[in-house]
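A.B. asks: Here it is: the structure, laid out below.
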There are 2 protein chains.
Amino acid sequence: MSVNIEAMNNLTTNNCPSLLMQHLSRQEAEQLSGLFKVLGDPSRLQLLSLIASQPNGSACACELIEPLGLSQPTVSHHLKILYEAGFLDKERRGTWIYYSVVPQTMQALCSHLTIPVEATRTV
Amino acid sequence: MSVNIEAMNNLTTNNCPSLLMQHLSRQEAEQLSGLFKVLGDPSRLQLLSLIASQPNGSACACELIEPLGLSQPTVSHHLKILYEAGFLDKERRGTWIYYSVVPQTMQALCSHLTIPVEATRTV
DNA sequence: TTAACAAATAGATGACCATCAATATTTGTC
DNA sequence: GACAAATATTGATGGTCATCTATTTGTTAA
């Protein structure tokens, strides 16, 4: 489970139109599906949810192990995947590493799924 | 690869708040990740894109085989998964079955990923 | 009812991946 | 440096799934 960073940047910064409005090349489909694949795991969604709902919006990795009920290596593995896909930011403070959610990545993903209102049609 | 229809209905009709605004239970995380898993495949994204970009917004299953470069059973398999997850609608016309995209399902999914503007905070 | 085409199902296979235990690495403190 | 705590890596394993071929089922028309 890994995501090409450059591909993610293409998808999130170039203001790509919705996949519903244009043909997706195989390459584009692979890049985009890679991001959805990252969200296609319940543990990773719980991590995002846990981190985002902290009072200050960030959480230390060690705080996330117990509520998820997974081993430390597994949590570390999921955090890495989320970070490399651009869903999480991280900051080291001493021994601890604090993660926070990058809402822009979510919003960019959504822009691929929704149709602009003025473009909707009745089938 | 299968999606619980009732679970999907819960997620798409109950106006659930964003996963970034509340804790996700394990069950909720499993339901939601199931939908993302469906989108986490390049062939399925290409199918959605192909169908949505047809002039009338719908496409016969047989028209989708050649552009995807996959076998007929594989395309049928993907269409079934997309349909059962609520991403596609289908209508039989004689021998043919026409699929069309359900944009509401996409939008409902997105509502789980975005934070209402007034709720954003500076980290 | 038979032929022809579309779609679905069954079964098999290979690849990917979530998870763990064990270990290594990094960082701060004494 | 030595120890302790947090995080990352390695290697193994079991399950899931995308894909195929072969077959079956469904639908229309002759």
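As shown in the structure tokens, the chain order sets the letters A, B, ...; within each chain, residues go from 1, and ligands are also counted from 1 in the order they appear.
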With a distance threshold of 10 Å and counting only C-alpha atoms (C1' of nucleotides), extract the residues of chain D near chain A and express them as a PyMOL selection string.
C.D. replies: chain D and resi 5-9
A.B. asks: Filtering to C-alpha atoms (C1' of nucleotides), could you give me those residues as an mmCIF file, in the first residue's frame?
C.D. replies:
```
data_model
loop_
_atom_site.group_PDB
_atom_site.id
_atom_site.type_symbol
_atom_site.label_atom_id
_atom_site.label_comp_id
_atom_site.auth_asym_id
_atom_site.auth_seq_id
_atom_site.Cartn_x
_atom_site.Cartn_y
_atom_site.Cartn_z
ATOM 1 C "C1'" DA D 5 10.500 5.489 25.845
ATOM 2 C "C1'" DA D 6 8.538 6.314 21.150
ATOM 3 C "C1'" DT D 7 8.658 5.134 16.527
ATOM 4 C "C1'" DA D 8 10.061 2.480 12.450
ATOM 5 C "C1'" DT D 9 11.460 -1.686 10.024
#
```
A.B. asks: As a PyMOL selection string, please: the residues near Leu70 of chain B (cut-off 12 Å, only C-alpha atoms (C1' of nucleotides), same-chain neighbours under 2 positions excluded).
C.D. replies: (chain B and resi 42-44+46-47+62-68+72-78) or (chain D and resi 18-20)
A.B. asks: Based on DSSP run over this structure's backbone, return all residues of segment 11-109 of chain B in alpha helix (DSSP H), as an NGL selection string.
C.D. replies: :B and (11-13 or 26-39 or 42-52 or 61-68 or 72-84 or 103-109)
A.B. asks: Please identify all polymer residues within 12 Å of DC17 of chain D, counting only C-alpha atoms (C1' of nucleotides), omitting same-chain residues fewer than 2 positions from it, and present them as JSON, numbers by chain.
C.D. replies: {"B": [1, 2, 37, 38, 40, 41, 74, 77, 78], "C": [13, 14, 15, 16, 17], "D": [15, 19]}
A.B. asks: Can you work out which one of C:DT23, C:DT1, C:DT9, C:DT29 has the shortest atom-to-atom distance to DT10 of chain D, counting only C-alpha atoms (C1' of nucleotides)?
C.D. replies: C:DT23
A.B. asks: Dump as a Markdown table the rows for residues of chain C within 7 Å of chain A: closest atom pair and distance in Å with one decimal, only C-alpha atoms (C1' of nucleotides) counted, ordered by chain and rising residue number.
C.D. replies:
```
| residue | atom | partner | partner_atom | distance |
| --- | --- | --- | --- | --- |
| C:DC17 | C1' | A:Met1 | CA | 6.9 |
| C:DT19 | C1' | A:Thr74 | CA | 6.6 |
| C:DT27 | C1' | A:Thr95 | CA | 5.2 |
| C:DG28 | C1' | A:Gly94 | CA | 7.0 |
```
A.B. asks: DSSP on the backbone, strand (DSSP E or B) only: what residues of chain B does that give? Format it as a ChimeraX atom specification.
C.D. replies: /B:58-60,88-93,96-101
A.B. asks: Would you put the residues from that selection into a file with C-alpha atoms, as a PDB file, in the first residue's frame?
C.D. replies:
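Dumped everything to out_12.pdb:
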```
ATOM      1  CA  SER B  58     -25.819   6.141 -19.540  1.00  0.00           C
ATOM      2  CA  ALA B  59     -23.999   3.291 -21.194  1.00  0.00           C
ATOM      3  CA  CYS B  60     -24.743  -0.282 -22.113  1.00  0.00           C
ATOM      4  CA  LEU B  88     -24.651   3.118 -10.368  1.00  0.00           C
ATOM      5  CA  ASP B  89     -28.252   2.815 -11.404  1.00  0.00           C
ATOM      6  CA  LYS B  90     -29.293   0.257 -14.024  1.00  0.00           C
ATOM      7  CA  GLU B  91     -32.142  -0.206 -16.424  1.00  0.00           C
ATOM      8  CA  ARG B  92     -32.855  -3.145 -18.675  1.00  0.00           C
ATOM      9  CA  ARG B  93     -33.772  -2.471 -22.310  1.00  0.00           C
ATOM     10  CA  TRP B  96     -29.045  -4.689 -22.937  1.00  0.00           C
ATOM     11  CA  ILE B  97     -28.579  -3.211 -19.507  1.00  0.00           C
ATOM     12  CA  TYR B  98     -27.874   0.487 -19.293  1.00  0.00           C
ATOM     13  CA  TYR B  99     -25.968   1.918 -16.371  1.00  0.00           C
ATOM     14  CA  SER B 100     -25.929   5.512 -15.167  1.00  0.00           C
ATOM     15  CA  VAL B 101     -24.071   7.240 -12.368  1.00  0.00           C
TER      16      VAL B 101
END
```
A.B. asks: Would you mind listing, as a PyMOL selection string, all residues of chain A that have at least one atom within 8 Å of chain B, where only C-alpha atoms are what counts?
C.D. replies: chain A and resi 19-26+29-43+45-46+48-50+52-53+56-57+103+106-107+110+113-115+123
A.B. asks: Dump C-alpha atoms for the selected residues as a PDB file, in the first residue's frame?
C.D. replies:
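For reference, out32.pdb as written:
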```
ATOM      1  CA  LEU A  19     -14.090  12.224 -13.134  1.00  0.00           C
ATOM      2  CA  LEU A  20     -17.758  12.519 -14.017  1.00  0.00           C
ATOM      3  CA  MET A  21     -17.013  15.261 -16.514  1.00  0.00           C
ATOM      4  CA  GLN A  22     -14.153  13.793 -18.531  1.00  0.00           C
ATOM      5  CA  HIS A  23     -12.580  10.515 -19.514  1.00  0.00           C
ATOM      6  CA  LEU A  24     -10.096   9.124 -17.031  1.00  0.00           C
ATOM      7  CA  SER A  25      -6.972   7.652 -18.555  1.00  0.00           C
ATOM      8  CA  ARG A  26      -5.728   4.431 -17.056  1.00  0.00           C
ATOM      9  CA  ALA A  29      -7.532   6.197 -12.714  1.00  0.00           C
ATOM     10  CA  GLU A  30      -4.664   4.404 -11.011  1.00  0.00           C
ATOM     11  CA  GLN A  31      -3.501   7.546  -9.272  1.00  0.00           C
ATOM     12  CA  LEU A  32      -6.935   8.497  -8.067  1.00  0.00           C
ATOM     13  CA  SER A  33      -7.909   4.991  -7.016  1.00  0.00           C
ATOM     14  CA  GLY A  34      -4.710   4.848  -4.998  1.00  0.00           C
ATOM     15  CA  LEU A  35      -6.018   7.647  -2.816  1.00  0.00           C
ATOM     16  CA  PHE A  36      -9.396   5.982  -2.378  1.00  0.00           C
ATOM     17  CA  LYS A  37      -7.641   2.759  -1.516  1.00  0.00           C
ATOM     18  CA  VAL A  38      -5.940   4.550   1.347  1.00  0.00           C
ATOM     19  CA  LEU A  39      -9.363   5.524   2.702  1.00  0.00           C
ATOM     20  CA  GLY A  40     -10.687   2.040   2.060  1.00  0.00           C
ATOM     21  CA  ASP A  41      -9.549   0.702   5.393  1.00  0.00           C
ATOM     22  CA  PRO A  42     -11.574   1.049   8.598  1.00  0.00           C
ATOM     23  CA  SER A  43      -8.522   1.465  10.816  1.00  0.00           C
ATOM     24  CA  LEU A  45     -10.626   6.089   8.787  1.00  0.00           C
ATOM     25  CA  GLN A  46     -10.697   5.714  12.548  1.00  0.00           C
ATOM     26  CA  LEU A  48      -8.305  10.230  10.710  1.00  0.00           C
ATOM     27  CA  SER A  49     -11.399  10.608  12.822  1.00  0.00           C
ATOM     28  CA  LEU A  50      -9.528  10.267  16.102  1.00  0.00           C
ATOM     29  CA  ALA A  52      -9.258  15.311  13.729  1.00  0.00           C
ATOM     30  CA  SER A  53     -11.492  15.218  16.770  1.00  0.00           C
ATOM     31  CA  ASN A  56      -6.178  20.852  19.195  1.00  0.00           C
ATOM     32  CA  GLY A  57      -6.609  18.855  16.016  1.00  0.00           C
ATOM     33  CA  PRO A 103      -8.379  18.854   5.037  1.00  0.00           C
ATOM     34  CA  MET A 106      -9.953  15.495   1.369  1.00  0.00           C
ATOM     35  CA  GLN A 107     -11.480  18.437  -0.435  1.00  0.00           C
ATOM     36  CA  CYS A 110     -14.102  15.349  -3.344  1.00  0.00           C
ATOM     37  CA  LEU A 113     -16.492  13.053  -7.294  1.00  0.00           C
ATOM     38  CA  THR A 114     -18.936  15.905  -7.580  1.00  0.00           C
ATOM     39  CA  ILE A 115     -20.498  17.550 -10.574  1.00  0.00           C
ATOM     40  CA  VAL A 123     -31.320  11.574 -17.467  1.00  0.00           C
TER      41      VAL A 123
END
```
A.B. asks: Report as a ChimeraX atom specification all protein, DNA and RNA residues lying within 12 Å of DC30 of chain C, evaluated on only C-alpha atoms (C1' of nucleotides), omitting residues in the same chain fewer than 6 positions from it.
C.D. replies: /D:1-4
A.B. asks: Quick one: distance from atom CA of Gly86 of chain A to atom CA of Val102 of chain A in Å, one decimal?
C.D. replies: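 Between atom CA of Gly86 of chain A and atom CA of Val102 of chain A the gap is 7.0 Å.
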